[in-house]
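Enquirer: Here's a structure for you.
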Amino acid sequence: MSFAYTDVSMKEFQELQKNFPGDAKGKMSLVIPALWLSQRQNGWINGDVVEYVAGLTGTEPLHVWGVATFYSMFNKEPVGKTLLQFCTNISCGLLGGNELIQHACSRLGIEKGGTTQDKKFTIFEVECLGACGTAPVVQVNDTYHENMTMEKLDSLIDQMSS
Amino acid sequence: MPEKRIILDKIEDKHSPNIDFYRGNGGYEALKKALTQMSPSQILDEMKASNLRGRGGAGFPVGVKWSFINRTFPGPKYLICNADEGEPGTFKDREILQKKPHIMIEGMIIGAYVMGLDAGYIYIRGEFYEPIQAVDKAIREAYDAGILGKDIMGSGFSFDLYTYRGAGAYICGEESSLINSLEGKRGLPRLRPPFPAQVGLYGRPSTVNNVESFSAVPSIINNGGKWYAGLGTPKSGGTKLFSISGHVNRPGVYEIPMGTPWTELFNDMAGGVKDGKKLKAVIPGGSSTPVLRPEELDGMTMDYESVQSKGSMLGSGAVIVLDETTDMVKLLYRILHFYAHESCGQCTPCREGCDWYYDIISRIRHGKGRLEDLDLFERLAKNIGPNTICAFGDAFTTPALSFTRKFRDEFVEYIKNGNK
Ligand SMILES: Cc1cc2nc3c(=O)[nH]c(=O)nc-3n(C[C@H](O)[C@H](O)[C@H](O)COP(=O)(O)O)c2cc1C
Ligand code: SF4
Ligand code: FES
């Protein structure tokens, strides 16, 4: 199954091209934005995405693969519909981040890094999210949930399960 | 000294991100003044007089950095804003990005005018999805108002500005790694020299500054470099944003004049240790700065020189408060886990060293440590920091050394009696 942008993604990609010089160097800058658009559309980065992005940006698939694997936010495997990312770095760890992730894991019956069988949830343990003043923090897809408590986490999971 | 809000002025207003609100409160007046009444060299003089030091962590004087660019060098030259905000404990730039993006944009345009730069990129960490939306909106507003793009405010000066979304890598906060990332590559730090002022983005002269550094610029233009310098201490000008978190009653971002006593920030503003517990230690400038014991905080003021005189660093102004219940062994274990995960891997001493450090702390934490392990930290450190391309090597050895030196008893207890 090969990968290609939808019209919406392609239009955004063409808009982004204007942000960089038109030469080969400028085109290479598009690798990361192009991977972002691909991940939004496809959910994760696979070999087909890598080939496609290489074609779009005039780079080698090996280069694109190197980039995709360097950055932790590019999923190299499919993730659930709701991606729960728990910060357990210093301040979140001091204020209950570890207990939150353990609770989520046992409630959903998965380990850190795992995905539920119904593909609804994935749990990641992540590094400082740059929001330590409202620790503990859980990133739910694109949105930060701050000052997280067990109760808030439970109702969030309830809401996302339905 | 109470809080003194210059960058954070009116940030609590829900309209604060909007250009109309910003302009209604004096925003973009500094840009107008810079473009119509001041020459680039006059502005540079004010910047140098302000004693503004880079707010990303290293504290390098901004005016001096700006003078490294040869503004008449032919061809494109670039300005880069570092909004990677990855140092654990730091959360001040997010505040600006989300709630007052125009003050950073204004500072960037002034910088571009001073250095004769053509285009700018704001590199924002990938997790900051909502802040990126806020900055993108602000950029659109500024284009619509004739504040970005061609012939800004009728001055003849042109400058384009874009955001760039990172994708999860702490090391991309290091400026040369950030440049590689912006070029669509893996974020590997570069050997210097050459410095970005000569060979930066796309091999062109470039300047990188932190979000907060740019955000301080408008007030310097409006009120003069001397005024800004006068707010702080002789060597640390102006106000600084402090992110205070951990075991503290009122965590948050506080803007205070450099030189404000530690006790005012900690007790009066942040409300002291959470739940009336006793203070055990403070990490004053982010996870890679040496931890301080309570007695070392005596007489400390919040500026580069004073924190340094106590044996630590002001860093990014990320103050992490640890109460008496904190297990220093487990905390160091978590910190070294972070660094082992984030090394870019291109220098052997760093790549091998951070894994080795993590192995050592793992065995100590699990009750299998040896007393010699504490000396091993010391010996290895001598061969790591000086032999690496970037400062990451020092960033992970420093907390290990300061934790084990200052809380040695706790480590010895784990080594002798295990984790109870
Ligand atoms: C490992 C490492 C991580 C860094 N992370 C950041 C960061 O997240 N944000 C930042 O502004 N500077 C960071 N820096 C500092 C930058 O390299 C650079 O000094 C800074 O962006 C310059 O801007 P300034 O002079 O305005 O502070 C980091 C440095 C190192 C060595
Ligand atoms: S010191 Fe570490 S992080 Fe920095 S360039 Fe070398 S391997 Fe990479
Ligand atoms: S420690 Fe969790 S957001 Fe910083």
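Each chain of the structure tokens is named A, B, ... in the order shown, its residues numbered from 1; ligands are numbered from 1 in display order.
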Check every protein, DNA and RNA residue against ligand 3, keep those with an atom at most 9 Å away (counting only C-alpha atoms and all ligand atoms), and present them as a ChimeraX atom specification.
Expert: /A:86-94,97,126-138,146 /B:86-91,245-246
Enquirer: Which parts of stretch 65-266 of chain B does DSSP call helix (DSSP H, G or I) when run on the backbone here, written out as an NGL selection string?
Expert: :B and (65-67 or 93-99 or 101-115 or 129-144 or 152-154 or 170-173 or 175-182 or 201-203 or 211-223 or 225-231 or 262-266)
Enquirer: Pick out the closest residue to chain A from this set: B:Leu322, B:Leu44, B:Met104, B:Met38. Count only C-alpha atoms.
Expert: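 Ranked by minimum distance to chain A, first place goes to B:Leu322.
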Enquirer: Taking only C-alpha atoms into account, find every residue of chain B that has an atom no more than 8 Å from chain A, and write it out as JSON, numbers by chain.
Expert: {"B": [85, 86, 87, 88, 89, 90, 91, 94, 126, 127, 129, 130, 162, 164, 165, 166, 167, 168, 169, 181, 182, 183, 184, 185, 186, 187, 202, 243, 244, 245, 246, 247, 251, 252, 253, 320, 326, 331, 334, 335, 338]}
Enquirer: Mind the document's chain letters and residue numbers, and return as a ChimeraX atom specification the residues of stretch 46-265 of chain B that DSSP labels strand (DSSP E or B).
Expert: /B:53,61,78-83,119-124,149,159-165,206-210,239-246,248,252-257,260-261
Enquirer: Closest to B:Cys81 among B:Gly116, B:Gly173, B:Pro40, B:Gly24, using only C-alpha atoms?
Expert: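 With only C-alpha atoms as the atom set, the closest residue is B:Gly173.
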Enquirer: Identify, counting only C-alpha atoms and all ligand atoms, the protein, DNA and RNA residues located within 7 Å of ligand 2, and give them as a ChimeraX atom specification.
Expert: /B:171,188-189,343-348,350-351,388-393
Enquirer: Save the residues we just selected, all heavy atoms, as a short mmCIF file (atom, residue, chain, number, x, y, z; two decimals), in the first residue's frame?
Expert:
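Output contents, as saved in result33.cif:
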data_model
loop_
_atom_site.label_atom_id
_atom_site.label_comp_id
_atom_site.auth_asym_id
_atom_site.auth_seq_id
_atom_site.Cartn_x
_atom_site.Cartn_y
_atom_site.Cartn_z
N ILE B 171 18.12 17.77 22.69
CA ILE B 171 19.38 18.33 22.21
C ILE B 171 19.14 19.45 21.19
O ILE B 171 20.01 20.31 21.00
CB ILE B 171 20.30 17.20 21.64
CG1 ILE B 171 21.74 17.70 21.45
CG2 ILE B 171 19.78 16.63 20.34
CD1 ILE B 171 22.41 18.18 22.72
N LEU B 188 22.11 17.07 15.27
CA LEU B 188 23.45 16.85 15.81
C LEU B 188 24.17 18.18 15.98
O LEU B 188 24.28 18.94 15.01
CB LEU B 188 24.28 15.96 14.86
CG LEU B 188 23.66 14.63 14.44
CD1 LEU B 188 24.60 13.89 13.49
CD2 LEU B 188 23.35 13.76 15.65
N PRO B 189 24.67 18.48 17.18
CA PRO B 189 25.44 19.72 17.36
C PRO B 189 26.66 19.77 16.44
O PRO B 189 27.20 18.73 16.07
CB PRO B 189 25.85 19.67 18.83
CG PRO B 189 24.79 18.87 19.48
CD PRO B 189 24.44 17.81 18.47
N SER B 343 21.14 12.05 24.76
CA SER B 343 22.41 12.31 24.07
C SER B 343 22.24 12.04 22.58
O SER B 343 21.60 11.06 22.19
CB SER B 343 23.50 11.38 24.63
OG SER B 343 24.61 11.36 23.75
N CYS B 344 22.83 12.90 21.76
CA CYS B 344 22.68 12.70 20.31
C CYS B 344 23.58 11.58 19.83
O CYS B 344 23.40 11.05 18.74
CB CYS B 344 22.95 13.99 19.55
SG CYS B 344 24.69 14.24 19.13
N GLY B 345 24.60 11.23 20.62
CA GLY B 345 25.39 10.04 20.33
C GLY B 345 26.60 10.22 19.44
O GLY B 345 27.30 9.25 19.16
N GLN B 346 26.90 11.43 18.99
CA GLN B 346 28.01 11.53 18.05
C GLN B 346 29.39 11.63 18.69
O GLN B 346 30.39 11.37 18.01
CB GLN B 346 27.79 12.66 17.03
CG GLN B 346 27.81 14.05 17.61
CD GLN B 346 27.70 15.13 16.54
OE1 GLN B 346 28.17 14.97 15.43
NE2 GLN B 346 27.08 16.25 16.89
N CYS B 347 29.50 12.00 19.97
CA CYS B 347 30.82 11.96 20.63
C CYS B 347 30.87 10.74 21.55
O CYS B 347 29.99 10.55 22.39
CB CYS B 347 31.07 13.16 21.52
SG CYS B 347 30.45 14.72 20.95
N THR B 348 31.91 9.96 21.43
CA THR B 348 32.01 8.74 22.23
C THR B 348 31.96 9.01 23.74
O THR B 348 31.24 8.33 24.46
CB THR B 348 33.28 7.96 21.85
OG1 THR B 348 33.29 7.84 20.43
CG2 THR B 348 33.30 6.59 22.48
N CYS B 350 30.50 11.23 25.47
CA CYS B 350 29.15 11.55 25.90
C CYS B 350 28.24 10.35 25.75
O CYS B 350 27.55 9.95 26.68
CB CYS B 350 28.61 12.74 25.12
SG CYS B 350 26.85 13.06 25.38
N ARG B 351 28.26 9.74 24.59
CA ARG B 351 27.35 8.60 24.33
C ARG B 351 27.60 7.47 25.32
O ARG B 351 26.67 6.95 25.94
CB ARG B 351 27.55 8.10 22.90
CG ARG B 351 26.65 6.94 22.51
CD ARG B 351 27.00 6.41 21.12
NE ARG B 351 28.36 5.92 21.04
CZ ARG B 351 29.29 6.36 20.19
NH1 ARG B 351 29.00 7.32 19.33
NH2 ARG B 351 30.51 5.85 20.20
N THR B 388 33.92 16.82 24.45
CA THR B 388 32.68 16.68 23.68
C THR B 388 32.44 17.91 22.81
O THR B 388 33.00 18.97 23.06
CB THR B 388 31.48 16.49 24.62
OG1 THR B 388 31.44 17.57 25.53
CG2 THR B 388 31.56 15.18 25.36
N ILE B 389 31.59 17.71 21.81
CA ILE B 389 31.30 18.79 20.86
C ILE B 389 30.43 19.87 21.51
O ILE B 389 30.61 21.05 21.26
CB ILE B 389 30.59 18.20 19.61
CG1 ILE B 389 31.59 17.32 18.83
CG2 ILE B 389 30.02 19.31 18.72
CD1 ILE B 389 30.98 16.61 17.64
N CYS B 390 29.50 19.46 22.34
CA CYS B 390 28.61 20.47 22.93
C CYS B 390 28.61 20.33 24.45
O CYS B 390 29.27 19.47 25.02
CB CYS B 390 27.20 20.38 22.36
SG CYS B 390 26.13 19.18 23.18
N ALA B 391 27.85 21.21 25.12
CA ALA B 391 27.87 21.27 26.58
C ALA B 391 27.04 20.19 27.24
O ALA B 391 26.93 20.15 28.47
CB ALA B 391 27.40 22.65 27.04
N PHE B 392 26.47 19.29 26.45
CA PHE B 392 25.66 18.21 27.02
C PHE B 392 26.49 17.34 27.97
O PHE B 392 25.97 16.84 28.97
CB PHE B 392 25.08 17.36 25.88
CG PHE B 392 24.10 16.32 26.31
CD1 PHE B 392 22.74 16.55 26.21
CD2 PHE B 392 24.52 15.08 26.78
CE1 PHE B 392 21.82 15.58 26.59
CE2 PHE B 392 23.61 14.11 27.16
CZ PHE B 392 22.26 14.36 27.07
N GLY B 393 27.76 17.15 27.64
CA GLY B 393 28.62 16.35 28.50
C GLY B 393 28.66 16.89 29.93
O GLY B 393 28.47 16.15 30.90
#
Enquirer: Can you work out which residues are within 7 Å of ligand 1, considering only C-alpha atoms and all ligand atoms, and then hand them over as a PyMOL selection string?
Expert: chain B and resi 53-62+82-87+170-176+208-211+213+390-392+395
Enquirer: Selection from above, C-alpha atoms, as a PDB file, in the first residue's frame, can you write it?
Expert:
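Below you can see result.pdb, which holds the result:
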ATOM      1  CA  ARG B  53      22.455  38.517  28.830  1.00  0.00           C
ATOM      2  CA  GLY B  54      21.073  35.611  26.830  1.00  0.00           C
ATOM      3  CA  ARG B  55      18.167  33.991  28.627  1.00  0.00           C
ATOM      4  CA  GLY B  56      18.527  30.523  27.060  1.00  0.00           C
ATOM      5  CA  GLY B  57      20.976  29.394  29.723  1.00  0.00           C
ATOM      6  CA  ALA B  58      24.491  30.455  28.811  1.00  0.00           C
ATOM      7  CA  GLY B  59      24.056  34.158  29.664  1.00  0.00           C
ATOM      8  CA  PHE B  60      26.109  35.515  26.767  1.00  0.00           C
ATOM      9  CA  PRO B  61      25.606  39.312  26.292  1.00  0.00           C
ATOM     10  CA  VAL B  62      23.028  39.846  23.544  1.00  0.00           C
ATOM     11  CA  ASN B  82      15.131  29.336  20.156  1.00  0.00           C
ATOM     12  CA  ALA B  83      11.749  28.237  21.521  1.00  0.00           C
ATOM     13  CA  ASP B  84      12.782  24.657  22.204  1.00  0.00           C
ATOM     14  CA  GLU B  85      12.413  25.065  25.982  1.00  0.00           C
ATOM     15  CA  GLY B  86      13.572  21.601  26.904  1.00  0.00           C
ATOM     16  CA  GLU B  87      15.714  22.008  30.031  1.00  0.00           C
ATOM     17  CA  TYR B 170      16.070  17.848  23.972  1.00  0.00           C
ATOM     18  CA  ILE B 171      19.380  18.328  22.206  1.00  0.00           C
ATOM     19  CA  CYS B 172      17.731  20.525  19.565  1.00  0.00           C
ATOM     20  CA  GLY B 173      17.738  23.328  22.153  1.00  0.00           C
ATOM     21  CA  GLU B 174      21.500  23.511  21.645  1.00  0.00           C
ATOM     22  CA  GLU B 175      21.852  26.167  18.986  1.00  0.00           C
ATOM     23  CA  SER B 176      23.951  24.367  16.390  1.00  0.00           C
ATOM     24  CA  VAL B 208      20.261  32.492  17.538  1.00  0.00           C
ATOM     25  CA  ASN B 209      18.630  33.940  20.631  1.00  0.00           C
ATOM     26  CA  ASN B 210      16.143  32.681  23.167  1.00  0.00           C
ATOM     27  CA  VAL B 211      12.458  33.739  23.264  1.00  0.00           C
ATOM     28  CA  SER B 213      16.056  37.461  25.148  1.00  0.00           C
ATOM     29  CA  CYS B 390      28.610  20.470  22.934  1.00  0.00           C
ATOM     30  CA  ALA B 391      27.874  21.270  26.576  1.00  0.00           C
ATOM     31  CA  PHE B 392      25.663  18.210  27.016  1.00  0.00           C
ATOM     32  CA  ALA B 395      25.061  18.934  31.604  1.00  0.00           C
TER      33      ALA B 395
END
